[in-house]
Every structure is written in structure tokens, then in C-alpha cells.
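**Student:** The structure that follows is given in the form of C-alpha cells.
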Amino acid sequence: MFELITTDGAARRGRYTTPHGTVETPVFMNVGTQAAIKGALDAFDLESVGCQVELSNTYHLHLRPGEETVAAMGGLHGFMRWHRPILTDSGGFQVFSLAELRNIREEGVEFRSHIDGRRIFMSPEGSMRIQSRLGSDIAMAFDECVENPSPREYVVRSAERTYRWLVRCNTALADFNSAEDAVNPGQVLWGINQGGAYADIRVEHMKKIRELDLPGYAIGGLAVGEPTEVMYDILEHVCPEAPADRPRYLMGVGTPSNIIESVARGVDFFDCVMPARNARHAHVYTLDGRINLRNAAYERDERPIDEHCGCYTCRHFSRAYLHHLFKAEEMLSMRLAVIHNLYFYNSLMERIRAAIEAHEFEAFRREWSERLDRRLYA
RNA sequence: GUGGGUGUGGCGUAGUUGGCUAACGCGUCGGAUUGUGGUUCCGAAGACCGUGGGUUCGAGUCCCAUCACCCACC
């Protein structure tokens with residue numbers, strides 16, 4: 001399923017195969033929480049933006065329209081007309097970030113819907129059932145994401161429970177895959193490493209979950225408030241403990257330099273709302289840093305967002321036009337900015353892959369890491 | 001021409017019987033956002049209160065004049 005093409009230091013250039021095609025790694029997955037990319041992009045836009053994997057969300061789609069509706073419409077692939085790989089997040093993170101009044105038990109988590117406030121119970125089996133009906137190619141384990149910082153004792157107990165939940169997820173998905181009406185029988189489960197900001201807990205946790213011999217391993221619960229150095233330090237401890245022949249997915253990360261630095265430590269998959277959310281707020285990326293299109297400096301700027309960018313937006317429109325669209329609050333502003341930022345991220349990954357293949361990743365990292373996160377004025 | 005009303009940052013307003021660095025919304029400018037909050041959060045600049053006098057220890061608040069705009073009536 002995962003083929004390691006070449007390595008350059010700890011950085012890896014690989015290829016991952018799913019029932020809906022292969023993925024060249026390192027890769028950035030484009031987030032479409034509710035089976036749509038916020039900012040008015042559809043599946044065909046995703047193609048034009050260079051997306052390889054689309055990511056949707058169990059929690060949101062369970063609440064609306066409901067997994068049985070999606071299953072009846074041919075699963076996520078048929079529903080949203082995206083015929084390439086899809087990964088679904090388990091809902092674990094949303095339970096802890098969006099929902100209020102949650103009550104965590106061994107069996108699962110009880111919480112209230114952020115839409116209508118009704119009580120919902122989510123268990124490992126429940127999350128797997130939903131993801132099975134959604135028919136994604138990669139289902140994520142239902143885990144507990146602890147906030148940082150958290151007391152060591154709590155993190156230990158939480159990580160143990162997340163392990164037990166992972167075992168239950170694994171059993172449940174096997175059952176759902178063998179069912180006659182399975183939407184995507186080739187769907188696989190990826191495990192998630194937890195352990196807060198404690199490197200030793202994380203290492204022990206990774207050693208345990210790798211015994212399950214899953215086709216992929218994620219590192220969750222990072223970039224949730226801890227200093228960036230702590231995140232890098234944890235990656236340096238955890239990645240060597242993950243099986244070398246399986247992809248590693250750093251959940252929810254991050255900025256361009258976060259991604260480059262994490263690739264340098266052995267990560268293969270990423271996802272992040274940042275490029276899309278920033279785009280909606282007029283923050284767009286260039287090879288020299290990030291700019292805010294709302295700034296008055298761009299009122300009569302004839303240049304595209306990035307002169308070296310080949311995206312639809314940069315090929316057709318000026319910063320001045322986008323500046324106007326944002327000030328006028330036209331929804332086109334978001335669409336054009338999101339198209340650019342996603343294209344930017346996807347082509348950044350392409351550059352990373354090329355650098356690893358050429359065994360020039362260290363030079364690439366030195367040149368780009370800080371530069372891309374920098375804010376650019378005028 | 002007569003009577004009445006209103007004039008406070010770019011816009012719309014609040015400012016108690018005159019009392020401390022003139023408040024608020026929008027807008028402007030800038031910043032946040034990491035397994036998605038498109039309607040979120042934070043910060044900043046900006047008014048000598050139409051103009052000129054007067055009363056008072058003290059005036060956006062009271063008095064006089066004047067200008068502008070609005071309404072009604074000849």
C-alpha cells in the first residue's frame with residue numbers, strides 16, 4: 001500500500017495506494033469538512049488546484065446530512081463527485097474542540113451538537129460505522145485529543161484509553177468492510193498517536209499502536225497551543241518509533257514552515273484549515289511571505305498575488321481587483337483567494353517532493369522554511 | 001418674510017437639573033486564526049462638540065448673534 005521511493009535524511013518520498021488511486025507523498029490534504037471546500041469550491045475546482053486527497057469530517061456529516069443519506073447517494077465519492085482518495089477524520093477532535101458539555105467514558109463520549117444542542121453519543125464503533133457509510137478510503141481512529149498543557153496522570157490514562165479505542169475501531173471496521181452493503185470495502189483504518197506534550201508517553205503509545213500493524217499512523221494532538229519547538233521535539237522522538245514502511249500523518253498542521261520542518265523529521269501526510277481560512281480572511285501566500293489583501297497598499301497593485309504562481313486566480317486577476325472584492329465583501333473574493341492558497345500549498349508539496357527526489361532537501365529547507373511564513377509588507 | 005426644529009470624529013447617533021482624559025455602532029487602518037468558527041477575536045488612528053461672542057470657578061449642555069440644513073405657514 002505504501003511504497004517508499006527514496007529518502008533524503010529523515011525526509012521521505014513515497015507513494016500510497018488507495019481504492020481511488022495513488023497519492024504522491026509528502027502530501028497536503030485539502031480540507032472539505034462538509035463535503036465542500038469553504039469558499040465555494042467544488043470537486044472539480046479541487047482538481048484544478050492540484051489536490052490529491054480530499055478530507056471530510058465524520059462529526060459534521062453525521063449531523064448533516066447524515067451518513068445514510070451520503071451512503072444512499074453513492075458515498076462521499078459519488079455524492080460530491082470527487083473520484084480520487086478521500087480521508088475522513090473520526091470526529092474525535094470536534095468532540096473536544098466544538099462540542100460543549102462533553103462527558104468522556106470508557107464506552108465513548110457524550111456531548112451536545114453545536115447545531116441544535118441535542119445530545120449525541122459517539123463511540124469508536126459509532127465513528128467507524130459512520131465513516132464506513134461515508135465510504136472514505138482512509139478512516140481515522142476515534143481518539144481523545146487532550147489539550148496542552150494537561151496533567152501527566154490524565155494524559156497517561158487518556159492515551160491508554162485511546163489505545164483501547166483504537167483496538168475497538170480496528171475490529172469494528174473489519175466487520176463493516178465485510179458487510180454486503182459496504183460502500184467502500186477497501187477502506188482502511190489509520191491509528192493515531194497521542195500523549196500530549198510528553199515525549200516518553202508518546203513513544204510508549206506509538207510502540208503499542210504499531211503492534212496493530214495498521215496501514216498508516218497519525219500523530220494527533222499537536223499544534224494545539226504548545227510551542228512549535230515542543231512539536232518538533234516530539235516528532236523527533238515519535239517518528240523513529242513509527243514503522244518505516246507506513247505513512248505518517250501529522251494531523252492539523254500547519255504553516256508552510258511547519259510542514260517543511262515536519263517533512264524533515266519524517267512526516268508524509270498533512271492537513272490544515274489554515275490556507276483556506278486565511279484565504280477567507282484575505283491572507284494569501286507568496287514565495288516571499290504572506291500578504292493581507294485588505295491592506296490599502298494593494299488598492300492599485302496591478303500584479304497578481306504571486307508573479308510565479310500558475311493558479312487560476314494569479315493567471316487572471318490583480319491584487320487590486322481582489323482588494324476591491326474583499327472590501328466589497330463579494331463572495332468571489334473568498335473563492336479566488338482560496339483557489340490561490342490551496343494551489344500554493346499543493347505546489348509547495350510538489351517542490352518538497354522534487355527536492356527530496358533530487359536529494360537536495362536540506363538546501364530547500366534552509367532556503368524556504370522561514371521565508372514562507374514571513375509577513376510581507378507592500 | 002413669519003414660526004418651529006436640528007447642527008457632536010468619514011457616516012449615524014449618546015451625552016442626566018452645566019462638573020473630571022466627550023461615549024457607542026458602522027466605516028477606516030493594522031494584527032490574530034494549525035484533525036474548519038465565511039457572520040470570530042484583539043489593537044490603533046480619528047472630533048478643540050457649525051461659527052463668533054457672553055454668563056460661570058467650570059459650557060457639548062445656559063444666553064445673544066450669525067451661518068447651514070429641514071418642516072410648516074404666508
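Following the order of the C-alpha cells, first chain is A, next is B, and so on, with residues numbered from 1 inside each chain and ligands from 1 in the order they appear.
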When the cut-off is 10 Å and we count only C-alpha atoms (C1' of nucleotides), which residues of chain A are near chain B, given as a short mmCIF file (atom, residue, chain, number, x, y, z; two decimals) with C-alpha atoms, in the first residue's frame?
**Tutor:**
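Listed below is the output, iface07.cif:
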```
data_model
loop_
_atom_site.label_atom_id
_atom_site.label_comp_id
_atom_site.auth_asym_id
_atom_site.auth_seq_id
_atom_site.Cartn_x
_atom_site.Cartn_y
_atom_site.Cartn_z
CA VAL A 31 -9.98 20.09 3.86
CA GLY A 32 -13.63 19.89 2.84
CA THR A 33 -15.26 19.34 6.18
CA GLN A 34 -18.85 19.17 4.99
CA ILE A 37 -14.37 23.38 0.34
CA LYS A 38 -15.32 26.51 2.25
CA GLY A 39 -15.05 29.44 -0.09
CA ALA A 40 -17.33 27.97 -2.77
CA LEU A 55 -10.54 15.35 3.72
CA ASN A 57 -15.40 15.15 8.58
CA THR A 88 -12.33 11.13 6.89
CA ASP A 89 -11.49 12.47 10.28
CA SER A 90 -13.11 10.47 13.05
CA GLY A 91 -14.88 13.26 14.87
CA GLY A 92 -12.63 12.83 17.86
CA PHE A 93 -11.15 16.27 17.53
CA GLN A 94 -14.51 18.02 17.02
CA LEU A 98 -16.55 22.28 19.05
CA MET A 140 -9.21 7.75 11.16
CA CYS A 145 -7.30 14.87 21.88
CA ALA A 218 -1.12 9.66 12.52
CA ILE A 219 0.25 11.94 15.19
CA GLY A 220 -2.59 13.86 16.77
CA GLY A 221 -2.96 16.43 19.47
CA LEU A 222 -0.16 18.70 18.32
CA ALA A 223 -0.28 22.35 17.30
CA VAL A 224 -2.94 22.89 19.93
CA GLY A 225 -1.19 25.55 21.93
CA LEU A 250 0.69 14.92 11.29
CA MET A 251 -2.89 16.00 11.93
CA GLY A 252 -3.93 19.60 11.56
CA VAL A 253 -0.53 21.06 10.66
CA GLY A 254 0.28 23.66 9.60
CA THR A 255 2.12 26.69 8.29
CA ASN A 258 5.73 23.73 9.97
CA PHE A 270 -0.61 16.83 6.38
CA ASP A 271 -3.89 18.66 6.54
CA CYS A 272 -4.73 22.10 7.81
CA VAL A 273 -7.56 24.60 7.64
CA MET A 274 -5.08 27.44 7.68
CA PRO A 275 -4.63 28.10 3.95
CA ALA A 276 -8.40 28.12 3.39
CA ARG A 277 -9.28 30.08 6.50
CA ASN A 278 -6.53 32.59 5.91
CA ALA A 279 -7.74 33.00 2.34
CA ARG A 280 -11.24 33.79 3.57
CA HIS A 281 -9.66 36.49 5.71
CA ARG A 294 -7.26 44.08 2.59
CA ASN A 295 -4.29 46.36 3.19
CA ALA A 296 -4.56 49.71 1.47
CA MET A 331 -18.05 36.04 -2.11
CA MET A 334 -13.03 34.14 -0.94
#
```
**Student:** So that I can check the surroundings of C69 of chain B, please list as a list in words every protein, DNA and RNA residue that reaches within 12 Å of it, counting only C-alpha atoms (C1' of nucleotides) and ignoring chain neighbours fewer than 2 positions away.
**Tutor:**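 The residues that qualify are G5, U6, G7, G50, C67 and C71 of chain B.
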**Student:** Quote the spacing between atom CA of Ala242 of chain A and atom CA of Arg210 of chain A in Å to one decimal place.
**Tutor:** 6.7 Å
**Student:** I need the strand (DSSP E) residues of segment 230-334 of chain A per DSSP on the backbone, written as a list in words.
**Tutor:**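 Put together, the selection reads Arg248, Tyr249, Leu250, Phe269, Phe270, Asp271, His283, Val284, Tyr285, Thr286, Gly289, Arg290, Ile291 and Asn292 of chain A.
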